[in-house]
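**Student:** Input structure: structure.cif, which contains mmCIF, C-alpha atoms.
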```cif
data_data
#
loop_
_atom_site.label_atom_id
_atom_site.label_comp_id
_atom_site.auth_asym_id
_atom_site.auth_seq_id
_atom_site.Cartn_x
_atom_site.Cartn_y
_atom_site.Cartn_z
CA MET A 19 -68.45 -68.37 76.77
CA THR A 20 -65.29 -69.07 78.67
CA SER A 21 -64.16 -69.18 82.26
CA GLY A 22 -60.69 -70.53 82.86
CA THR A 23 -61.56 -70.93 86.54
CA PRO A 24 -61.03 -74.26 88.33
CA LYS A 25 -64.26 -75.94 89.41
CA PRO A 26 -64.41 -75.97 93.23
CA GLN A 27 -66.70 -78.27 95.12
CA ILE A 28 -70.28 -77.19 95.68
CA ASP A 29 -71.17 -76.88 99.37
CA THR A 30 -74.60 -78.47 99.81
CA SER A 31 -74.47 -78.34 103.60
CA LYS A 32 -75.77 -74.78 103.84
CA PRO A 33 -78.12 -72.61 101.77
CA HIS A 34 -76.87 -70.12 99.22
CA PRO A 35 -78.74 -67.00 98.00
CA ALA A 36 -78.28 -67.96 94.32
CA ARG A 37 -79.95 -71.32 94.89
CA LEU A 38 -82.75 -69.78 96.98
CA TYR A 39 -83.44 -67.38 94.13
CA ASP A 40 -83.45 -70.29 91.68
CA TYR A 41 -86.03 -72.06 93.85
CA TYR A 42 -88.24 -68.97 94.01
CA LEU A 43 -88.12 -68.66 90.22
CA GLY A 44 -89.22 -72.26 89.79
CA GLY A 45 -85.78 -73.63 88.94
CA LYS A 46 -84.48 -77.09 89.81
CA ASP A 47 -80.85 -76.26 90.56
CA ASN A 48 -81.19 -76.15 94.32
CA TYR A 49 -80.80 -78.57 97.21
CA PRO A 50 -82.91 -79.70 100.17
CA VAL A 51 -81.08 -77.29 102.45
CA ASP A 52 -82.09 -74.40 100.17
CA ARG A 53 -85.70 -75.53 99.87
CA GLU A 54 -85.98 -76.01 103.63
CA LEU A 55 -84.94 -72.44 104.30
CA ALA A 56 -87.11 -71.06 101.48
CA GLU A 57 -90.20 -72.77 102.87
CA LYS A 58 -89.66 -71.05 106.23
CA LEU A 59 -89.86 -67.62 104.65
CA ALA A 60 -92.94 -65.59 103.92
CA LYS A 61 -95.27 -66.88 101.22
CA GLY A 62 -94.73 -63.69 99.23
CA ALA A 63 -91.01 -64.41 98.79
CA GLN A 64 -91.51 -66.36 95.58
CA ARG A 65 -93.59 -63.68 93.90
CA GLY A 66 -91.19 -61.06 95.22
CA ALA A 67 -88.32 -62.79 93.42
CA GLN A 68 -90.35 -62.92 90.23
CA ILE A 69 -91.23 -59.22 90.45
CA ASN A 70 -87.57 -58.40 90.98
CA ARG A 71 -86.61 -60.48 87.95
CA GLU A 72 -89.22 -58.71 85.83
CA PHE A 73 -87.73 -55.36 86.85
CA MET A 74 -84.30 -56.55 85.73
CA HIS A 75 -85.70 -57.55 82.34
CA ARG A 76 -87.34 -54.12 81.86
CA ALA A 77 -84.28 -52.19 83.02
CA VAL A 78 -81.65 -53.95 80.89
CA ALA A 79 -83.92 -53.94 77.83
CA TRP A 80 -84.34 -50.19 78.22
CA ALA A 81 -80.57 -49.80 78.65
CA ALA A 82 -79.97 -51.74 75.44
CA ARG A 83 -82.57 -49.71 73.55
CA SER A 84 -80.81 -46.60 74.89
CA GLY A 85 -77.63 -47.65 73.09
CA ILE A 86 -75.62 -49.50 75.73
CA ASP A 87 -74.02 -52.67 74.42
CA GLN A 88 -71.83 -53.69 77.39
CA PHE A 89 -73.14 -55.12 80.66
CA LEU A 90 -71.50 -56.16 83.92
CA ASP A 91 -73.92 -58.22 86.01
CA ILE A 92 -72.71 -58.97 89.54
CA GLY A 93 -74.59 -61.51 91.63
CA THR A 94 -75.84 -63.27 88.54
CA GLY A 95 -77.45 -66.29 90.19
CA ILE A 96 -78.23 -69.58 88.50
CA PRO A 97 -79.26 -69.04 84.87
CA THR A 98 -83.06 -68.96 84.57
CA GLU A 99 -84.29 -68.07 81.11
CA PRO A 100 -84.59 -65.49 79.85
CA ASN A 101 -81.23 -64.36 81.19
CA LEU A 102 -79.85 -60.84 81.00
CA HIS A 103 -77.82 -61.51 77.85
CA GLN A 104 -80.84 -63.03 76.10
CA ILE A 105 -82.92 -59.94 76.81
CA VAL A 106 -80.13 -57.61 75.73
CA GLN A 107 -78.93 -59.50 72.65
CA ARG A 108 -82.45 -59.66 71.22
CA ILE A 109 -82.12 -55.89 70.97
CA VAL A 110 -78.37 -55.55 70.36
CA PRO A 111 -77.07 -58.87 68.98
CA ALA A 112 -73.43 -57.75 69.29
CA ALA A 113 -73.72 -56.88 73.00
CA ARG A 114 -71.04 -58.15 75.38
CA ILE A 115 -71.97 -59.33 78.86
CA VAL A 116 -69.82 -60.28 81.86
CA TYR A 117 -71.55 -62.26 84.60
CA ALA A 118 -70.02 -62.56 88.08
CA ASP A 119 -71.09 -64.69 91.04
CA ASN A 120 -69.42 -66.51 93.91
CA ASP A 121 -71.27 -69.86 93.94
CA PRO A 122 -69.58 -72.77 92.11
CA ILE A 123 -72.95 -74.16 91.00
CA VAL A 124 -73.57 -70.92 89.14
CA LEU A 125 -70.30 -71.38 87.27
CA ARG A 126 -71.19 -74.92 86.20
CA HIS A 127 -74.59 -73.93 84.87
CA ALA A 128 -73.29 -70.71 83.35
CA GLU A 129 -70.77 -72.60 81.25
CA ALA A 130 -73.57 -74.72 79.83
CA LEU A 131 -76.36 -72.20 79.51
CA LEU A 132 -75.02 -68.68 79.05
CA VAL A 133 -74.56 -69.04 75.31
CA SER A 134 -74.16 -65.81 73.41
CA THR A 135 -75.38 -64.83 69.98
CA PRO A 136 -72.75 -65.33 67.25
CA GLU A 137 -72.31 -61.56 66.97
CA GLY A 138 -71.99 -60.92 70.71
CA ALA A 139 -70.22 -62.57 73.61
CA THR A 140 -70.72 -63.60 77.22
CA GLU A 141 -68.17 -64.31 79.91
CA TYR A 142 -68.58 -65.67 83.42
CA VAL A 143 -66.15 -65.10 86.29
CA GLU A 144 -66.34 -66.64 89.72
CA THR A 145 -65.63 -63.79 92.09
CA ASP A 146 -67.21 -61.94 95.00
CA VAL A 147 -68.75 -58.49 94.93
CA ARG A 148 -66.91 -57.83 98.21
CA GLN A 149 -63.73 -57.78 96.11
CA PRO A 150 -64.71 -55.11 93.57
CA ARG A 151 -61.20 -54.51 92.26
CA GLY A 152 -60.93 -58.19 91.41
CA VAL A 153 -64.29 -58.06 89.63
CA LEU A 154 -63.09 -55.08 87.61
CA GLU A 155 -59.77 -56.72 86.78
CA HIS A 156 -61.64 -59.64 85.19
CA ALA A 157 -64.25 -57.42 83.50
CA ARG A 158 -61.65 -55.17 81.87
CA ARG A 159 -60.29 -58.14 79.97
CA PHE A 160 -63.62 -58.47 78.23
CA LEU A 161 -65.34 -55.07 78.26
CA ASP A 162 -64.13 -51.71 76.95
CA PHE A 163 -64.24 -49.32 79.89
CA ASP A 164 -63.65 -46.39 77.56
CA ARG A 165 -67.25 -46.81 76.42
CA PRO A 166 -70.48 -46.89 78.49
CA VAL A 167 -71.18 -49.98 80.58
CA ALA A 168 -74.39 -50.91 82.40
CA LEU A 169 -73.54 -52.20 85.88
CA SER A 170 -76.26 -54.43 87.32
CA LEU A 171 -76.40 -55.03 91.09
CA VAL A 172 -79.75 -56.77 91.27
CA ALA A 173 -80.77 -58.43 94.55
CA VAL A 174 -77.18 -58.62 95.79
CA LEU A 175 -76.40 -55.61 98.01
CA HIS A 176 -78.82 -56.67 100.75
CA PHE A 177 -76.58 -59.69 101.31
CA LEU A 178 -73.75 -57.33 102.28
CA GLY A 179 -73.74 -56.34 105.93
CA ASP A 180 -72.62 -52.92 107.05
CA ASP A 181 -69.21 -54.40 107.93
CA ASP A 182 -68.80 -55.34 104.25
CA ASP A 183 -68.83 -51.63 103.33
CA PRO A 184 -71.51 -51.94 100.62
CA TYR A 185 -71.33 -48.22 99.81
CA GLY A 186 -67.56 -48.41 99.36
CA VAL A 187 -67.93 -51.52 97.18
CA THR A 188 -70.48 -49.79 94.98
CA ARG A 189 -68.42 -46.61 94.77
CA THR A 190 -65.32 -48.53 93.67
CA LEU A 191 -67.34 -50.17 90.89
CA VAL A 192 -69.08 -46.96 89.79
CA ASP A 193 -65.85 -44.92 89.83
CA SER A 194 -64.49 -47.26 87.16
CA LEU A 195 -67.37 -46.53 84.76
CA PRO A 196 -67.06 -43.94 81.99
CA SER A 197 -69.55 -41.17 81.41
CA GLY A 198 -72.79 -42.39 79.90
CA SER A 199 -72.77 -45.63 81.89
CA LEU A 200 -75.67 -46.86 84.00
CA LEU A 201 -76.00 -48.26 87.50
CA ILE A 202 -79.03 -50.56 87.95
CA ILE A 203 -79.91 -51.64 91.49
CA SER A 204 -82.61 -53.61 93.26
CA HIS A 205 -82.43 -53.91 97.03
CA GLY A 206 -84.59 -55.60 99.64
CA THR A 207 -86.32 -53.46 102.23
CA ALA A 208 -88.31 -53.94 105.42
CA ASP A 209 -90.02 -50.54 105.09
CA PHE A 210 -93.36 -52.19 104.41
CA LEU A 211 -93.17 -54.82 107.15
CA ASP A 212 -93.91 -54.51 110.82
CA PRO A 213 -90.85 -54.99 113.09
CA GLU A 214 -91.80 -58.55 114.03
CA GLN A 215 -92.15 -59.61 110.38
CA ALA A 216 -88.79 -58.05 109.54
CA LYS A 217 -87.12 -59.72 112.50
CA LYS A 218 -88.54 -63.10 111.52
CA ILE A 219 -87.29 -62.85 107.93
CA THR A 220 -83.77 -61.74 108.81
CA GLY A 221 -83.64 -64.34 111.59
CA THR A 222 -84.70 -67.10 109.20
CA TYR A 223 -81.95 -66.20 106.76
CA ARG A 224 -79.45 -66.01 109.61
CA SER A 225 -80.46 -69.49 110.77
CA GLY A 226 -79.24 -70.72 107.39
CA GLY A 227 -75.96 -68.85 107.65
CA ILE A 228 -77.03 -66.04 105.30
CA ASN A 229 -76.73 -62.44 106.38
CA LEU A 230 -79.66 -60.34 105.13
CA ARG A 231 -79.51 -56.60 105.61
CA PRO A 232 -82.71 -54.93 104.37
CA ARG A 233 -82.29 -51.18 104.00
CA SER A 234 -84.62 -48.22 104.14
CA ARG A 235 -85.39 -46.01 101.16
CA ASP A 236 -82.88 -43.39 102.33
CA GLU A 237 -80.22 -46.06 102.79
CA VAL A 238 -80.81 -47.47 99.30
CA GLU A 239 -80.79 -44.00 97.77
CA ARG A 240 -77.25 -43.50 99.11
CA PHE A 241 -75.98 -46.05 96.59
CA PHE A 242 -76.86 -43.53 93.86
CA ASP A 243 -75.04 -40.57 95.44
CA GLY A 244 -73.40 -38.40 92.81
CA LEU A 245 -75.33 -40.04 89.97
CA GLU A 246 -78.31 -38.87 87.92
CA LEU A 247 -81.34 -40.98 88.80
CA VAL A 248 -83.51 -41.57 85.76
CA GLU A 249 -87.29 -41.36 85.97
CA PRO A 250 -89.24 -42.68 87.79
CA GLY A 251 -86.44 -42.47 90.37
CA LEU A 252 -86.12 -44.85 93.29
CA VAL A 253 -89.40 -46.76 93.55
CA ARG A 254 -90.79 -50.17 94.40
CA ALA A 255 -90.06 -52.80 91.77
CA PRO A 256 -93.46 -52.92 89.96
CA ASP A 257 -93.47 -49.12 89.65
CA TRP A 258 -90.30 -48.92 87.54
CA TYR A 259 -90.78 -48.87 83.79
CA LYS A 260 -89.60 -46.68 80.96
CA ASP A 261 -90.64 -47.64 77.45
CA THR A 262 -93.11 -50.45 78.14
CA PRO A 263 -96.68 -50.53 79.42
CA ALA A 264 -97.03 -50.12 83.17
CA PRO A 265 -96.77 -53.44 85.04
CA ALA A 266 -99.66 -54.54 87.23
CA ALA A 267 -99.68 -52.86 90.63
CA GLU A 268 -98.37 -55.28 93.26
CA GLU A 269 -96.79 -55.25 96.67
CA SER A 270 -93.02 -55.55 96.62
CA GLY A 271 -90.21 -55.72 99.15
CA PHE A 272 -87.65 -54.28 96.71
CA TYR A 273 -86.59 -50.73 95.99
CA VAL A 274 -85.24 -50.37 92.48
CA GLY A 275 -83.68 -47.68 90.38
CA ALA A 276 -81.30 -46.79 87.58
CA ALA A 277 -78.92 -43.87 87.36
CA ARG A 278 -76.60 -42.38 84.77
CA VAL A 279 -72.93 -41.73 85.31
CA ARG A 280 -71.98 -38.21 84.23
CA ARG A 281 -68.33 -37.17 84.14
CA ALA A 282 -67.12 -33.61 83.75
CA PRO A 283 -65.58 -32.98 80.32
#
```
Now that the file is in, can you turn its structure into structure tokens?
**Tutor:**
Amino acid sequence: MTSGTPKPQIDTSKPHPARLYDYYLGGKDNYPVDRELAEKLAKGAQRGAQINREFMHRAVAWAARSGIDQFLDIGTGIPTEPNLHQIVQRIVPAARIVYADNDPIVLRHAEALLVSTPEGATEYVETDVRQPRGVLEHARRFLDFDRPVALSLVAVLHFLGDDDDPYGVTRTLVDSLPSGSLLIISHGTADFLDPEQAKKITGTYRSGGINLRPRSRDEVERFFDGLELVEPGLVRAPDWYKDTPAPAAEESGFYVGAARVRRAP
């Protein structure tokens, strides 16, 4: 596990999505400003984060069992065990994983906690999904883009506003992937909230300086344009499973899905 990135100062004056997520998952690597904002949100936010995390575990485990041994996880968040590489390397010990996030506290904890198996490797880069070419430049130093890669964009795209061109960002990343790769996405939605609830949630995030852009099912499906959605397609988080027993039926504010990249011969 290496980085080579200077350690910038952590800004504790405003909340950060990675630290909010850590709080929801029961972690301790967050600050009063994060907890204050989290407590203003709906009571279901904590369970929603857990459900989303459980989807990630199922999806990357299935990807590993399907033969993929390289993973690029953007919007990693603060390491909360089990992490993506722990799930994957239990199945494929030699798997290689690149984590990317833009919060300095994530870097500090990643260096200490994202420890690979002896056979495999992990790398962490501090970079922003809004700069996809930079992400890819770092990832190519560590992953072989001539072989399939699983790209994980879990609970990150809803923090990109329309002005951030989230579809263009995703397309740049996907266009770099060889045939046989996978795109794994989870994305927040307000489809199951009344307008007042949705307005309150987005307003609460905005009060903390965080832009939240929930998207409808059709809007989330656009991220998979040109790809081959795998069964069960684009569904709510508890409804996605492949080679495990069905999770318990629960409400969820996340659409999730996985799709294969197919290139013409």
**Student:** Translate the PyMOL selection byres ((chain A and resi 159-163) around 10), as applied to the file shown, into an explicit residue set as a PDB file with C-alpha atoms, in the frame of the given file.
**Tutor:**
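What follows is the written file result23.pdb:
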```pdb
ATOM      1  CA  ASP A  87     -74.020 -52.670  74.420  1.00  0.00           C
ATOM      2  CA  GLN A  88     -71.830 -53.690  77.390  1.00  0.00           C
ATOM      3  CA  PHE A  89     -73.140 -55.120  80.660  1.00  0.00           C
ATOM      4  CA  LEU A  90     -71.500 -56.160  83.920  1.00  0.00           C
ATOM      5  CA  ARG A 114     -71.040 -58.150  75.380  1.00  0.00           C
ATOM      6  CA  ILE A 115     -71.970 -59.330  78.860  1.00  0.00           C
ATOM      7  CA  VAL A 116     -69.820 -60.280  81.860  1.00  0.00           C
ATOM      8  CA  ALA A 139     -70.220 -62.570  73.610  1.00  0.00           C
ATOM      9  CA  THR A 140     -70.720 -63.600  77.220  1.00  0.00           C
ATOM     10  CA  GLU A 141     -68.170 -64.310  79.910  1.00  0.00           C
ATOM     11  CA  LEU A 154     -63.090 -55.080  87.610  1.00  0.00           C
ATOM     12  CA  GLU A 155     -59.770 -56.720  86.780  1.00  0.00           C
ATOM     13  CA  HIS A 156     -61.640 -59.640  85.190  1.00  0.00           C
ATOM     14  CA  ALA A 157     -64.250 -57.420  83.500  1.00  0.00           C
ATOM     15  CA  ARG A 158     -61.650 -55.170  81.870  1.00  0.00           C
ATOM     16  CA  ASP A 164     -63.650 -46.390  77.560  1.00  0.00           C
ATOM     17  CA  ARG A 165     -67.250 -46.810  76.420  1.00  0.00           C
ATOM     18  CA  PRO A 166     -70.480 -46.890  78.490  1.00  0.00           C
ATOM     19  CA  VAL A 167     -71.180 -49.980  80.580  1.00  0.00           C
ATOM     20  CA  SER A 194     -64.490 -47.260  87.160  1.00  0.00           C
ATOM     21  CA  LEU A 195     -67.370 -46.530  84.760  1.00  0.00           C
ATOM     22  CA  PRO A 196     -67.060 -43.940  81.990  1.00  0.00           C
ATOM     23  CA  SER A 197     -69.550 -41.170  81.410  1.00  0.00           C
ATOM     24  CA  SER A 199     -72.770 -45.630  81.890  1.00  0.00           C
TER      25      SER A 199
END
```
**Student:** Which one is closest to A:Asp243: A:Ala282, A:Leu169, A:Leu230, A:Leu201? Count only C-alpha atoms.
**Tutor:**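 With only C-alpha atoms as the atom set, the closest residue is A:Leu201.
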**Student:** Can you list, as number ranges by chain, every protein, DNA or RNA residue that comes within 12 Å of A:Pro256 when you count only C-alpha atoms, leaving out same-chain residues fewer than 6 positions away?
**Tutor:** A: 65-77, 204, 250, 263-275
**Student:** Closest to A:Val124 among A:Ile109, A:Ile86, A:Ile96, A:Leu38, using all atoms listed in the file?
**Tutor:**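 For A:Val124, the nearest of the candidates is A:Ile96.
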**Student:** Give me, please, the distance in Å between atom CA of A:Thr220 and atom CA of A:Ser31, quoted to one decimal.
**Tutor:**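 Computing the Euclidean distance for atom CA of A:Thr220 and atom CA of A:Ser31 yields 19.7 Å.
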**Student:** Record the distance separating atom CA of A:Arg240 and atom CA of A:Asp257, expressed in Å with one decimal.
**Tutor:** 19.6 Å
**Student:** Which of these, A:Glu237, A:Asp209, A:Gly152, A:Pro136, has the shortest distance to A:Pro184 once you count all atoms listed in the file?
**Tutor:** A:Glu237
**Student:** Tell me, as JSON, numbers by chain, which residues lie within 7 Å of A:Leu175, counting only C-alpha atoms; anything in the same chain fewer than 2 positions away does not count.
**Tutor:** {"A": [171, 173, 177, 178, 184, 205]}
**Student:** Go through A:Arg281, A:Arg224, A:Lys46, A:Arg189 one by one, measure the shortest atom-to-atom distance of each to A:Val147 using only C-alpha atoms, and give the residue with the smallest value.
**Tutor:** A:Arg189
**Student:** Which value, in Å to one decimal, gives the distance between atom CA of A:Leu59 and atom CA of A:Gly251?
**Tutor:**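 Computing it gives 29.1 Å between the two atoms.
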**Student:** For this file, the PyMOL selection byres ((chain A and resi 30) around 9) selects which residues, as a ChimeraX atom specification?
**Tutor:** /A:28-29,31-34,48-52
**Student:** Determine the residue membership of the PyMOL selection byres ((chain A and resi 111) around 8) for the file above and supply it as a count of residues only.
**Tutor:** 11
**Student:** Please write out, as lines of an AutoDock Vina configuration file, where the centre of an axis-aligned box around all listed atoms of stretch 105-124 of chain A lies and how long its edges are, in Å to one decimal, after adding 5 Å on each side.
**Tutor:**
```
center_x = -76.2
center_y = -64.9
center_z = 81.5
size_x = 23.5
size_y = 28.6
size_z = 35.0
```
**Student:** Compile the contact shell of A:Leu125 as JSON, numbers by chain: residues with an atom at most 8 Å away, counting all atoms listed in the file, same-chain residues fewer than 6 positions apart removed.
**Tutor:** {"A": [25, 119, 142, 143, 144]}
**Student:** So, with all atoms listed in the file as the atoms that count, which of A:Gly221, A:Ala36, A:Thr188, A:Val279 lies closest to A:Val248?
**Tutor:**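 The shortest atom-to-atom distance to A:Val248 comes from A:Val279.
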**Student:** From the options A:Thr207, A:Ser134, A:Asn120, A:Ser225, which residue's atoms come nearest to A:Asp146, counting only C-alpha atoms?
**Tutor:**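 With only C-alpha atoms as the atom set, the closest residue is A:Asn120.
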**Student:** Assuming the input is short of atoms at stretch 133-153 of chain A, produce N, CA and C atoms for that part as a compact mmCIF listing (two decimals), keeping the file's coordinate frame.
**Tutor:**
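Saved as out06.txt:
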```
# COMPACT_ATOMS: atom_id res chain seq x y z
N VAL A 133 -75.09 -68.98 76.67
CA VAL A 133 -74.56 -69.04 75.31
C VAL A 133 -74.95 -67.77 74.57
N SER A 134 -73.96 -67.09 74.07
CA SER A 134 -74.16 -65.81 73.41
C SER A 134 -74.68 -65.99 71.99
N THR A 135 -75.16 -64.88 71.42
CA THR A 135 -75.38 -64.83 69.98
C THR A 135 -74.03 -64.91 69.27
N PRO A 136 -74.02 -65.30 67.99
CA PRO A 136 -72.75 -65.33 67.25
C PRO A 136 -72.07 -63.96 67.18
N GLU A 137 -72.88 -62.91 67.11
CA GLU A 137 -72.31 -61.56 66.97
C GLU A 137 -71.76 -61.02 68.29
N GLY A 138 -72.37 -61.44 69.40
CA GLY A 138 -71.99 -60.92 70.71
C GLY A 138 -71.11 -61.90 71.47
N ALA A 139 -71.05 -61.69 72.78
CA ALA A 139 -70.22 -62.57 73.61
C ALA A 139 -70.68 -62.49 75.05
N THR A 140 -70.50 -63.58 75.78
CA THR A 140 -70.72 -63.60 77.22
C THR A 140 -69.50 -64.21 77.89
N GLU A 141 -69.27 -63.77 79.11
CA GLU A 141 -68.17 -64.31 79.91
C GLU A 141 -68.68 -64.44 81.34
N TYR A 142 -68.21 -65.49 82.02
CA TYR A 142 -68.58 -65.67 83.42
C TYR A 142 -67.31 -65.75 84.25
N VAL A 143 -67.28 -65.02 85.37
CA VAL A 143 -66.15 -65.10 86.29
C VAL A 143 -66.68 -65.42 87.68
N GLU A 144 -65.98 -66.32 88.35
CA GLU A 144 -66.34 -66.64 89.72
C GLU A 144 -65.56 -65.72 90.64
N THR A 145 -66.25 -64.77 91.22
CA THR A 145 -65.63 -63.79 92.09
C THR A 145 -66.70 -63.20 92.99
N ASP A 146 -66.29 -62.44 93.98
CA ASP A 146 -67.21 -61.94 95.00
C ASP A 146 -67.32 -60.43 94.90
N VAL A 147 -68.53 -59.93 95.00
CA VAL A 147 -68.75 -58.49 94.93
C VAL A 147 -67.97 -57.76 96.03
N ARG A 148 -67.68 -58.45 97.13
CA ARG A 148 -66.91 -57.83 98.21
C ARG A 148 -65.46 -57.55 97.80
N GLN A 149 -65.07 -58.03 96.64
CA GLN A 149 -63.73 -57.78 96.11
C GLN A 149 -63.88 -57.04 94.76
N PRO A 150 -64.36 -55.81 94.82
CA PRO A 150 -64.71 -55.11 93.57
C PRO A 150 -63.54 -54.91 92.62
N ARG A 151 -62.35 -54.70 93.16
CA ARG A 151 -61.20 -54.51 92.26
C ARG A 151 -60.90 -55.79 91.48
N GLY A 152 -61.10 -56.94 92.12
CA GLY A 152 -60.93 -58.19 91.41
C GLY A 152 -61.97 -58.38 90.33
N VAL A 153 -63.23 -58.00 90.64
CA VAL A 153 -64.29 -58.06 89.63
C VAL A 153 -63.90 -57.22 88.42
```
